[in-house]
Amino acid sequence: MNRIILVSVLFLFQINAFAQQFSVKGKIINQNKTPLEFATATLLNPDKTLYQQASTDSLGNFALKAEKGNYLLLIEQFGTEFSNQSIHIHQDIDLGTLEVKEQIQLDGVTLKSRKKLVEQKVDRLVFNVENSVVATGGTALDALKSTPTVRVQNETISIVGKGEVLVMIDDRLNKMTQEDLVAFLRSIPADNIKSIEVITTPPAKYEAEGNSGLINIKLKTAKANSWTANLGAAYAQRSYESGNINGLFIYNYNKLSLQASINKGTEQFRTTSDNRIYYPNEVWKQDIANKSKTDLLSLGFGADYKRTENWTSGVKYLGSFNNRTSANNPLTTRYNAAGEINSYVFSNVNAQNKPQMNSVNWNNVFNLNKEGKNITVDLDYFNYQKDDSRAFSGNEVDNQKENILGTYFAAINSNLNRLKNYSAKMDVSLPYSWANISFGGKGFYTNTKNNLTVFDNETGTPILNTNYSNIFTYKEYNEAIYFSANKKLSEKWETQIGLRTEATQTEGYSENLDQTHKNNYIKLFPTAYVTYNANDSNSYSIDYSRRIRRPDFDYLNPFVIRTSPFYYSEGNPFLKPSIIDNLQFSYIRNQKWVNNVYFSQVSDFGQELAIIDPETNITKSTPINYADTYQIGVSTYYNFNKYPWLNSFMGFNLNYQNVKSRTNLIASVDGYNGYIYTNNDFTVNQSKTLFLGLNYGLQLPGRYQVFNISTLNILDVSVKFLALKKNLSITLTGEDVLNAQKPLISYYSNGIKNTMKNYGDSRAFRIALSYKFGNQSVKSNERNFGNEEERNRAN
């Protein structure tokens with residue numbers, strides 16, 4: 001094995017030896033004829049990706065090495081771009097003395113140090129949160145609400161027209177339950193976020209996990225030759241008050257870079273729901289008003305050290321520790337066919353949930369040369385645990401509200417969930433003048449254990465119920481390899497292809513049932529892109545990708561958890577992964593107007609459904625593979641930024657969805673869905689110290705999967721002030737100003753109509769303070785995590 005590694009490394013070095021390189025040098029001075037030290041000269045590839053960088057010395061001199069080809073040369077310093085020019089390199093070039101004016105900042109091609117608000121790339125949209133008005137002062141969840149093409153509603157995060165997607169933090173998936181994920185995102189201040197990437201067609205390098213794309217939140221990281229810090233606090237008033245304090249510190253000097261962050265806060269919500277079940281002879285109406293409180297704490301730490309010129313090693317830690325309590329008193333009213341009340345069901349529920357997460361990454365980057373050829377190795381450990389407890393009791397009463405004998409129920413459920421994951425991956429990047437090649441592999445092991453304890457409590461003395469108590473262990477192994485190649489065929493044509501192969505072995509064991517379920521499969525996930533750049537203003541592309549959505553770990557757990565005599569939930573160890581095929585055609589005009597026509601097909605579509613038994617009036621909630629689906633749609637958005645005081649982003653999506661059921665529990669359905677939105681940032685004064693943000697979304701009545709959804713409106717307004725040399729920011733935000741996020745949702749289960757009208761306490765007023773100090777003129781040094789997928793499937 002060691003010989004194979006040695007031969008491979010020598011082979012890579014020999015490949016580099018054949019590529020002839022030429023020098024590009026010059027001298028940079030300012031308008032006073034003074035040499036400009038610490039300026040940066042950057043060569044970009046024709047697709048505007050980074051090729052090589054060099055800093056000027058005390059005399060303003062810089063030197064670069066490059067292979068034969070066409071490049072874009074940028075001159076900048078501390079985030080301010082002075083000039084950019086196209087150059088053709090076929091021999092050694094001396095550019096002589098280049099004079100720049102230090103006070104001028106041009107609107108040209110941007111680097112990682114300074115970004116536009118929105119950038120459209122071949123496979124993703126990049127929303128630079130640090131330049132947004134509405135997102136500042138809030139949390140990661142607020143930043144997602146302000147991200148173009150992203151929807152956040154009822155604790156579900158989706159891409160407009162794509163449906164629910166998975167969320168990554170620094171290229172690492174976080175597959176918790178939606179409730180836990182939302183709590184985690186609320187613990188991350190938006191001021192700690194650099195950008196949000198909406199990846200509609202992930203390349204082969206990324207995990208194949210995810211419905212129709214991924215959302216990647218890039219946190220601010222250590223920056224070069226300086227230090228900076230940020231302290232912030234926020235207060236929000238909904239039905240109840242919420243607040244948090246946070247801090248961020250980043251440092252980079254010489255070979256060492258450090259970063260640390262902390263956020264501590266409390267979130268309180270009052271959520272309500274009106275759910276109705278239309279049985280043949282009765283209508284059941286359940287009203288719930290729930291008060292929840294979550295104590296949030298998140299910690300982050302990272303350190304990178306440049307051990308040699310070609311080897312950088314670093315560690316990164318991310319932790320989240322939350323404690324959530326909730327209490328509600330569900331009231332179910334049973335009406336007869338004439339609309340008269342037959343009886344009631346009163347309940348009392350108290351729950352506590354303590355999700356905790358610890359994630360550690362060890363990253364090593366080995367640079368093979370100065371042209372971007374490198375090997376990256378990641379080793380990861382991920383630990384997730386959640387302690388749940390739920391105590392409930394209730395009674396049936398007649399229409400005179402007198403107790404009905406023999407109907408009292410009470411129980412206590414306690415579930416301990418422990419998950420550990422170990423993973424290792426390697427990525428090799430080989431950019432050549434004739435093509436960009438990348439390949440790599442990954443392996444991970446996950447072990448999760450659930451211990452459910454159920455006590456009957458009708459007598460007031462808890463009695464262990466051995467029929468429902470259970471211990472479930474689940475092991476999963478995954479091995480993956482991938483290859484990707486990007487080739488610029490001509491000045492107008494470019495293509496990229498990739499193939500990822502993933503092998504999965506699983507084993508689940510239920511101690512109570514004494515049952516073992518095993519699964520073993522290999523799947524191929526191809527990706528392909530073709531882009532035609534007709535001219536500088538018009539480009540066309542078509543892309544294809546195959547994805548997989550593996551079941552959440554809890555979904556595979558055969559536990560039966562009862563919360564009343566009429567409702568229980570149950571896992572499904574036979575649940576299969578869903579396979580998704582995506583095809584999309586895009587037309588982009590001036591990098592501002594983006595149009596897409598897309599088609600998506602899902603095999604073995606799986607989802608948790610409420611299955612109703614009309615004979616017993618008992619509802620069972622369980623995940624099942626119940627359908628094959630497809631959708632076809634069109635979407636468009638336009639970025640209007642003609643005026644320096646306005647940046648507007650507006651668009652719409654319209655699609656047709658078809659659900660072909662594979663069970664008689666759910667009928668086959670189809671229908672249309674539409675959504676219109678606009679995000680606007682205004683600069684109010686010339687000194688750029690007063691800003692206004694205005695975001696609006698309109699959900700048209702339509703169908704999503706098996707659900708019919710009524711109209712809803714979303715309006716967020718934000719005002720931001722800068723003071724103390726723009727180091728202090730004060731942000732005032734009104735969320736859901738119209739208080740109109742109360743859609744009526746209906747669907748049929750086993751032929752029985754269900755309706756739901758939920759309100760998530762979305763209207764709020766928020767004030768946030770943030771103060772920055774230190775040296776801000778720095779450059780970010782980004783790196784990724786290794787075990788993306790498995791964290792995202794943790795429950």
# chains A, B, ... in the order shown; residues from 1 in each chain; ligands from 1

$ residues_around --residues "segment 730-738 of chain A" --least-positions-apart "6" --cutoff "7 Å" --atoms "only C-alpha atoms" --output "count of residues only"
19

$ residues_around --residues "Asn679 of chain A" --least-positions-apart "2" --cutoff "9 Å" --atoms "only C-alpha atoms" --output "list in words"
Ser146, Thr147, Pro148, Asn647, Ser648, Phe649, Met650, Tyr677, Asp681, Gly693, Leu694, Asn695, Tyr696 and Gly697 of chain A

$ closest_residue --among "A:Ala410, A:Pro46, A:His88, A:Phe82" --to "Lys492 of chain A" --atoms "only C-alpha atoms"
A:Pro46

$ select_by_dssp --residues "segment 570-647 of chain A" --states "strand (DSSP E)" --output "PDB file with N, CA and C atoms, in the first residue's frame"
ATOM      1  N   GLU A 570     -44.811   5.624  14.560  1.00  0.00           N
ATOM      2  CA  GLU A 570     -44.089   4.355  14.438  1.00  0.00           C
ATOM      3  C   GLU A 570     -43.068   4.460  13.312  1.00  0.00           C
ATOM      4  N   SER A 578     -34.672   7.189  -1.527  1.00  0.00           N
ATOM      5  CA  SER A 578     -35.284   7.712  -2.747  1.00  0.00           C
ATOM      6  C   SER A 578     -34.190   8.142  -3.714  1.00  0.00           C
ATOM      7  N   ILE A 579     -34.405   7.885  -4.999  1.00  0.00           N
ATOM      8  CA  ILE A 579     -33.466   8.277  -6.046  1.00  0.00           C
ATOM      9  C   ILE A 579     -34.085   9.415  -6.845  1.00  0.00           C
ATOM     10  N   ILE A 580     -33.313  10.488  -7.041  1.00  0.00           N
ATOM     11  CA  ILE A 580     -33.830  11.681  -7.709  1.00  0.00           C
ATOM     12  C   ILE A 580     -32.996  11.973  -8.955  1.00  0.00           C
ATOM     13  N   ASP A 581     -33.652  12.131 -10.087  1.00  0.00           N
ATOM     14  CA  ASP A 581     -33.007  12.537 -11.339  1.00  0.00           C
ATOM     15  C   ASP A 581     -33.441  13.956 -11.672  1.00  0.00           C
ATOM     16  N   ASN A 582     -32.455  14.838 -11.925  1.00  0.00           N
ATOM     17  CA  ASN A 582     -32.728  16.249 -12.208  1.00  0.00           C
ATOM     18  C   ASN A 582     -32.147  16.642 -13.557  1.00  0.00           C
ATOM     19  N   LEU A 583     -32.944  17.343 -14.353  1.00  0.00           N
ATOM     20  CA  LEU A 583     -32.501  17.868 -15.639  1.00  0.00           C
ATOM     21  C   LEU A 583     -32.926  19.332 -15.710  1.00  0.00           C
ATOM     22  N   GLN A 584     -31.997  20.207 -16.119  1.00  0.00           N
ATOM     23  CA  GLN A 584     -32.297  21.641 -16.121  1.00  0.00           C
ATOM     24  C   GLN A 584     -31.638  22.329 -17.304  1.00  0.00           C
ATOM     25  N   PHE A 585     -32.404  23.216 -17.936  1.00  0.00           N
ATOM     26  CA  PHE A 585     -31.881  24.079 -18.991  1.00  0.00           C
ATOM     27  C   PHE A 585     -31.935  25.515 -18.493  1.00  0.00           C
ATOM     28  N   SER A 586     -30.816  26.266 -18.675  1.00  0.00           N
ATOM     29  CA  SER A 586     -30.742  27.629 -18.148  1.00  0.00           C
ATOM     30  C   SER A 586     -30.293  28.596 -19.229  1.00  0.00           C
ATOM     31  N   TYR A 587     -30.843  29.798 -19.146  1.00  0.00           N
ATOM     32  CA  TYR A 587     -30.398  30.919 -19.976  1.00  0.00           C
ATOM     33  C   TYR A 587     -30.093  32.090 -19.054  1.00  0.00           C
ATOM     34  N   ILE A 588     -28.872  32.634 -19.154  1.00  0.00           N
ATOM     35  CA  ILE A 588     -28.434  33.727 -18.294  1.00  0.00           C
ATOM     36  C   ILE A 588     -28.085  34.927 -19.168  1.00  0.00           C
ATOM     37  N   ARG A 589     -28.672  36.057 -18.809  1.00  0.00           N
ATOM     38  CA  ARG A 589     -28.459  37.297 -19.551  1.00  0.00           C
ATOM     39  C   ARG A 589     -27.723  38.290 -18.665  1.00  0.00           C
ATOM     40  N   TRP A 593     -30.092  38.247 -15.274  1.00  0.00           N
ATOM     41  CA  TRP A 593     -31.396  37.650 -15.551  1.00  0.00           C
ATOM     42  C   TRP A 593     -31.174  36.160 -15.796  1.00  0.00           C
ATOM     43  N   VAL A 594     -31.692  35.330 -14.911  1.00  0.00           N
ATOM     44  CA  VAL A 594     -31.495  33.882 -14.970  1.00  0.00           C
ATOM     45  C   VAL A 594     -32.839  33.199 -15.177  1.00  0.00           C
ATOM     46  N   ASN A 595     -32.908  32.344 -16.198  1.00  0.00           N
ATOM     47  CA  ASN A 595     -34.134  31.629 -16.530  1.00  0.00           C
ATOM     48  C   ASN A 595     -33.860  30.133 -16.558  1.00  0.00           C
ATOM     49  N   ASN A 596     -34.745  29.356 -15.958  1.00  0.00           N
ATOM     50  CA  ASN A 596     -34.561  27.911 -15.882  1.00  0.00           C
ATOM     51  C   ASN A 596     -35.834  27.187 -16.285  1.00  0.00           C
ATOM     52  N   VAL A 597     -35.667  26.124 -17.032  1.00  0.00           N
ATOM     53  CA  VAL A 597     -36.725  25.141 -17.263  1.00  0.00           C
ATOM     54  C   VAL A 597     -36.193  23.824 -16.711  1.00  0.00           C
ATOM     55  N   TYR A 598     -36.936  23.196 -15.815  1.00  0.00           N
ATOM     56  CA  TYR A 598     -36.383  22.043 -15.108  1.00  0.00           C
ATOM     57  C   TYR A 598     -37.383  20.887 -15.057  1.00  0.00           C
ATOM     58  N   PHE A 599     -36.811  19.701 -14.902  1.00  0.00           N
ATOM     59  CA  PHE A 599     -37.590  18.474 -14.753  1.00  0.00           C
ATOM     60  C   PHE A 599     -36.938  17.647 -13.659  1.00  0.00           C
ATOM     61  N   SER A 600     -37.737  17.108 -12.751  1.00  0.00           N
ATOM     62  CA  SER A 600     -37.229  16.296 -11.653  1.00  0.00           C
ATOM     63  C   SER A 600     -38.127  15.084 -11.468  1.00  0.00           C
ATOM     64  N   GLN A 601     -37.494  13.919 -11.295  1.00  0.00           N
ATOM     65  CA  GLN A 601     -38.236  12.678 -11.100  1.00  0.00           C
ATOM     66  C   GLN A 601     -37.697  11.951  -9.876  1.00  0.00           C
ATOM     67  N   VAL A 602     -38.606  11.504  -9.004  1.00  0.00           N
ATOM     68  CA  VAL A 602     -38.231  10.831  -7.768  1.00  0.00           C
ATOM     69  C   VAL A 602     -38.801   9.422  -7.771  1.00  0.00           C
ATOM     70  N   SER A 603     -37.944   8.435  -7.582  1.00  0.00           N
ATOM     71  CA  SER A 603     -38.383   7.044  -7.452  1.00  0.00           C
ATOM     72  C   SER A 603     -38.384   6.665  -5.971  1.00  0.00           C
ATOM     73  N   ASP A 604     -39.406   5.911  -5.552  1.00  0.00           N
ATOM     74  CA  ASP A 604     -39.547   5.486  -4.148  1.00  0.00           C
ATOM     75  C   ASP A 604     -39.607   6.687  -3.214  1.00  0.00           C
ATOM     76  N   PHE A 605     -40.421   7.670  -3.591  1.00  0.00           N
ATOM     77  CA  PHE A 605     -40.551   8.867  -2.759  1.00  0.00           C
ATOM     78  C   PHE A 605     -41.034   8.476  -1.364  1.00  0.00           C
ATOM     79  N   GLY A 606     -40.286   8.898  -0.339  1.00  0.00           N
ATOM     80  CA  GLY A 606     -40.615   8.555   1.037  1.00  0.00           C
ATOM     81  C   GLY A 606     -40.895   9.781   1.865  1.00  0.00           C
ATOM     82  N   GLN A 607     -41.868   9.660   2.773  1.00  0.00           N
ATOM     83  CA  GLN A 607     -42.274  10.792   3.595  1.00  0.00           C
ATOM     84  C   GLN A 607     -43.062  10.273   4.783  1.00  0.00           C
ATOM     85  N   GLU A 608     -43.011  11.019   5.892  1.00  0.00           N
ATOM     86  CA  GLU A 608     -43.829  10.661   7.042  1.00  0.00           C
ATOM     87  C   GLU A 608     -45.252  11.129   6.797  1.00  0.00           C
ATOM     88  N   LEU A 609     -46.203  10.213   6.912  1.00  0.00           N
ATOM     89  CA  LEU A 609     -47.606  10.517   6.655  1.00  0.00           C
ATOM     90  C   LEU A 609     -48.467  10.127   7.851  1.00  0.00           C
ATOM     91  N   ALA A 610     -49.558  10.855   8.012  1.00  0.00           N
ATOM     92  CA  ALA A 610     -50.560  10.516   9.027  1.00  0.00           C
ATOM     93  C   ALA A 610     -51.613   9.618   8.375  1.00  0.00           C
ATOM     94  N   ILE A 611     -51.630   8.355   8.769  1.00  0.00           N
ATOM     95  CA  ILE A 611     -52.554   7.378   8.205  1.00  0.00           C
ATOM     96  C   ILE A 611     -53.744   7.228   9.161  1.00  0.00           C
ATOM     97  N   ILE A 612     -54.925   7.457   8.646  1.00  0.00           N
ATOM     98  CA  ILE A 612     -56.125   7.481   9.479  1.00  0.00           C
ATOM     99  C   ILE A 612     -56.936   6.211   9.269  1.00  0.00           C
ATOM    100  N   ASP A 613     -57.369   5.616  10.358  1.00  0.00           N
ATOM    101  CA  ASP A 613     -58.255   4.458  10.322  1.00  0.00           C
ATOM    102  C   ASP A 613     -59.676   4.938  10.598  1.00  0.00           C
ATOM    103  N   ILE A 618     -58.282   6.190  14.844  1.00  0.00           N
ATOM    104  CA  ILE A 618     -56.896   6.250  15.323  1.00  0.00           C
ATOM    105  C   ILE A 618     -55.998   6.678  14.159  1.00  0.00           C
ATOM    106  N   THR A 619     -55.107   7.625  14.453  1.00  0.00           N
ATOM    107  CA  THR A 619     -54.152   8.121  13.458  1.00  0.00           C
ATOM    108  C   THR A 619     -52.762   7.582  13.776  1.00  0.00           C
ATOM    109  N   LYS A 620     -52.143   6.984  12.763  1.00  0.00           N
ATOM    110  CA  LYS A 620     -50.772   6.501  12.885  1.00  0.00           C
ATOM    111  C   LYS A 620     -49.873   7.338  11.982  1.00  0.00           C
ATOM    112  N   SER A 621     -48.831   7.912  12.573  1.00  0.00           N
ATOM    113  CA  SER A 621     -47.866   8.679  11.794  1.00  0.00           C
ATOM    114  C   SER A 621     -46.652   7.805  11.551  1.00  0.00           C
ATOM    115  N   THR A 622     -46.344   7.555  10.274  1.00  0.00           N
ATOM    116  CA  THR A 622     -45.234   6.662   9.947  1.00  0.00           C
ATOM    117  C   THR A 622     -44.644   7.031   8.595  1.00  0.00           C
ATOM    118  N   PRO A 623     -43.338   6.851   8.401  1.00  0.00           N
ATOM    119  CA  PRO A 623     -42.725   7.114   7.096  1.00  0.00           C
ATOM    120  C   PRO A 623     -42.884   5.909   6.177  1.00  0.00           C
ATOM    121  N   ILE A 624     -43.259   6.162   4.913  1.00  0.00           N
ATOM    122  CA  ILE A 624     -43.406   5.080   3.943  1.00  0.00           C
ATOM    123  C   ILE A 624     -42.958   5.561   2.569  1.00  0.00           C
ATOM    124  N   ASN A 625     -42.486   4.627   1.749  1.00  0.00           N
ATOM    125  CA  ASN A 625     -42.228   4.900   0.330  1.00  0.00           C
ATOM    126  C   ASN A 625     -43.557   4.706  -0.398  1.00  0.00           C
ATOM    127  N   TYR A 626     -44.236   5.787  -0.647  1.00  0.00           N
ATOM    128  CA  TYR A 626     -45.620   5.625  -1.110  1.00  0.00           C
ATOM    129  C   TYR A 626     -45.860   6.067  -2.548  1.00  0.00           C
ATOM    130  N   ALA A 627     -44.840   6.636  -3.245  1.00  0.00           N
ATOM    131  CA  ALA A 627     -45.145   7.165  -4.571  1.00  0.00           C
ATOM    132  C   ALA A 627     -43.895   7.304  -5.425  1.00  0.00           C
ATOM    133  N   ASP A 628     -44.123   7.393  -6.731  1.00  0.00           N
ATOM    134  CA  ASP A 628     -43.148   7.891  -7.688  1.00  0.00           C
ATOM    135  C   ASP A 628     -43.665   9.248  -8.163  1.00  0.00           C
ATOM    136  N   THR A 629     -42.809  10.247  -8.183  1.00  0.00           N
ATOM    137  CA  THR A 629     -43.267  11.597  -8.504  1.00  0.00           C
ATOM    138  C   THR A 629     -42.404  12.210  -9.599  1.00  0.00           C
ATOM    139  N   TYR A 630     -42.970  13.209 -10.256  1.00  0.00           N
ATOM    140  CA  TYR A 630     -42.168  14.044 -11.142  1.00  0.00           C
ATOM    141  C   TYR A 630     -42.765  15.444 -11.156  1.00  0.00           C
ATOM    142  N   GLN A 631     -41.924  16.400 -11.480  1.00  0.00           N
ATOM    143  CA  GLN A 631     -42.383  17.768 -11.636  1.00  0.00           C
ATOM    144  C   GLN A 631     -41.640  18.431 -12.771  1.00  0.00           C
ATOM    145  N   ILE A 632     -42.322  19.343 -13.442  1.00  0.00           N
ATOM    146  CA  ILE A 632     -41.725  20.135 -14.511  1.00  0.00           C
ATOM    147  C   ILE A 632     -42.110  21.580 -14.257  1.00  0.00           C
ATOM    148  N   GLY A 633     -41.128  22.474 -14.401  1.00  0.00           N
ATOM    149  CA  GLY A 633     -41.420  23.853 -14.049  1.00  0.00           C
ATOM    150  C   GLY A 633     -40.519  24.843 -14.754  1.00  0.00           C
ATOM    151  N   VAL A 634     -40.829  26.104 -14.525  1.00  0.00           N
ATOM    152  CA  VAL A 634     -40.046  27.208 -15.066  1.00  0.00           C
ATOM    153  C   VAL A 634     -39.848  28.223 -13.951  1.00  0.00           C
ATOM    154  N   SER A 635     -38.646  28.772 -13.877  1.00  0.00           N
ATOM    155  CA  SER A 635     -38.361  29.801 -12.885  1.00  0.00           C
ATOM    156  C   SER A 635     -37.505  30.880 -13.521  1.00  0.00           C
ATOM    157  N   THR A 636     -37.630  32.085 -13.014  1.00  0.00           N
ATOM    158  CA  THR A 636     -36.830  33.193 -13.505  1.00  0.00           C
ATOM    159  C   THR A 636     -36.591  34.175 -12.375  1.00  0.00           C
ATOM    160  N   TYR A 637     -35.433  34.791 -12.376  1.00  0.00           N
ATOM    161  CA  TYR A 637     -35.193  35.888 -11.442  1.00  0.00           C
ATOM    162  C   TYR A 637     -34.261  36.903 -12.091  1.00  0.00           C
ATOM    163  N   TYR A 638     -34.405  38.146 -11.630  1.00  0.00           N
ATOM    164  CA  TYR A 638     -33.641  39.250 -12.215  1.00  0.00           C
ATOM    165  C   TYR A 638     -33.024  40.074 -11.095  1.00  0.00           C
ATOM    166  N   ASN A 639     -31.731  40.369 -11.246  1.00  0.00           N
ATOM    167  CA  ASN A 639     -31.026  41.196 -10.280  1.00  0.00           C
ATOM    168  C   ASN A 639     -30.890  42.605 -10.845  1.00  0.00           C
ATOM    169  N   PHE A 640     -31.674  43.537 -10.304  1.00  0.00           N
ATOM    170  CA  PHE A 640     -31.664  44.924 -10.772  1.00  0.00           C
ATOM    171  C   PHE A 640     -30.750  45.736  -9.863  1.00  0.00           C
ATOM    172  N   LEU A 646     -29.621  51.050  -4.939  1.00  0.00           N
ATOM    173  CA  LEU A 646     -30.630  49.984  -4.943  1.00  0.00           C
ATOM    174  C   LEU A 646     -30.038  48.687  -5.474  1.00  0.00           C
ATOM    175  N   ASN A 647     -30.288  47.620  -4.763  1.00  0.00           N
ATOM    176  CA  ASN A 647     -30.008  46.276  -5.264  1.00  0.00           C
ATOM    177  C   ASN A 647     -31.268  45.457  -5.069  1.00  0.00           C
TER     178      ASN A 647
END

$ residues_around --residues "Tyr408 of chain A" --least-positions-apart "4" --cutoff "10 Å" --atoms "only C-alpha atoms" --output "JSON, numbers by chain"
{"A": [345, 346, 347, 393, 394, 395, 396, 397, 403, 404, 458, 459, 564, 565]}

$ atom_distance --atom1 "atom CA of Gly339 of chain A" --atom2 "atom CA of Glu282 of chain A"
8.6 Å

$ residues_around --residues "Pro355 of chain A" --least-positions-apart "5" --cutoff "12 Å" --atoms "only C-alpha atoms" --output "PyMOL selection string"
chain A and resi 176-177+179-184+294-298+319-325+383-389+415-419+794-795

$ closest_residue --among "A:Asn374, A:Ser23, A:Asn758, A:Asn216" --to "Lys742 of chain A" --atoms "only C-alpha atoms"
A:Asn758

$ atom_distance --atom1 "atom CA of Asn512 of chain A" --atom2 "atom CA of Thr446 of chain A"
21.8 Å

$ residues_around --residues "Phe682 of chain A" --least-positions-apart "3" --cutoff "6 Å" --atoms "only C-alpha atoms" --output "JSON, numbers by chain"
{"A": [645, 646, 691, 692]}

$ write_last_selection --atoms "N, CA and C atoms" --output "JSON list (two decimals), in the first residue's frame"
[["chain", "number", "residue", "atom", "x", "y", "z"],
["A", 645, "TRP", "N", -27.78, 53.03, -5.25],
["A", 645, "TRP", "CA", -28.55, 53.04, -3.99],
["A", 645, "TRP", "C", -29.57, 51.90, -3.92],
["A", 646, "LEU", "N", -29.62, 51.05, -4.94],
["A", 646, "LEU", "CA", -30.63, 49.98, -4.94],
["A", 646, "LEU", "C", -30.04, 48.69, -5.47],
["A", 691, "PHE", "N", -29.49, 52.26, 5.78],
["A", 691, "PHE", "CA", -29.94, 51.29, 4.78],
["A", 691, "PHE", "C", -31.35, 50.81, 5.10],
["A", 692, "LEU", "N", -32.05, 50.41, 4.05],
["A", 692, "LEU", "CA", -33.40, 49.87, 4.20],
["A", 692, "LEU", "C", -33.49, 48.56, 3.44]]

$ closest_residue --among "A:Val315, A:Ala41, A:Ala480, A:Leu185" --to "Leu256 of chain A" --atoms "only C-alpha atoms"
A:Val315

$ atom_distance --atom1 "atom CA of Glu502 of chain A" --atom2 "atom CA of Tyr521 of chain A"
8.4 Å

$ residues_around --residues "Asn519 of chain A" --least-positions-apart "2" --cutoff "10 Å" --atoms "only C-alpha atoms" --output "CSV table (one decimal) with N, CA and C atoms, in the first residue's frame"
chain,number,residue,atom,x,y,z
A,476,GLU,N,-24.3,1.8,10.0
A,476,GLU,CA,-24.2,2.1,8.6
A,476,GLU,C,-22.8,2.3,8.2
A,504,THR,N,-23.3,1.2,0.2
A,504,THR,CA,-23.8,1.3,1.5
A,504,THR,C,-24.2,0.0,2.1
A,505,GLN,N,-23.9,-0.2,3.4
A,505,GLN,CA,-24.3,-1.4,4.1
A,505,GLN,C,-24.9,-1.0,5.4
A,506,THR,N,-26.1,-1.5,5.7
A,506,THR,CA,-26.8,-1.1,7.0
A,506,THR,C,-27.2,-2.3,7.7
A,507,GLU,N,-27.4,-2.1,9.1
A,507,GLU,CA,-27.9,-3.2,9.9
A,507,GLU,C,-28.6,-2.6,11.1
A,508,GLY,N,-29.9,-2.9,11.2
A,508,GLY,CA,-30.7,-2.4,12.3
A,508,GLY,C,-31.2,-3.5,13.2
A,517,HIS,N,-32.6,-6.1,10.6
A,517,HIS,CA,-32.9,-5.7,9.2
A,517,HIS,C,-31.5,-5.3,8.6
A,521,TYR,N,-26.4,-2.0,-0.8
A,521,TYR,CA,-26.6,-1.6,-2.2
A,521,TYR,C,-25.5,-0.7,-2.7
A,574,PHE,N,-38.1,-0.9,7.1
A,574,PHE,CA,-38.0,-1.3,5.7
A,574,PHE,C,-38.0,-0.1,4.7
A,576,LYS,N,-36.9,2.6,2.2
A,576,LYS,CA,-35.8,2.6,1.2
A,576,LYS,C,-35.4,4.0,0.9

$ closest_residue --among "A:Asn535, A:Thr755, A:Asn348, A:Asn451" --to "Phe409 of chain A" --atoms "only C-alpha atoms"
A:Asn348

$ closest_residue --among "A:Glu67, A:Asp191, A:Glu207, A:Glu130" --to "Gly232 of chain A" --atoms "only C-alpha atoms"
A:Asp191
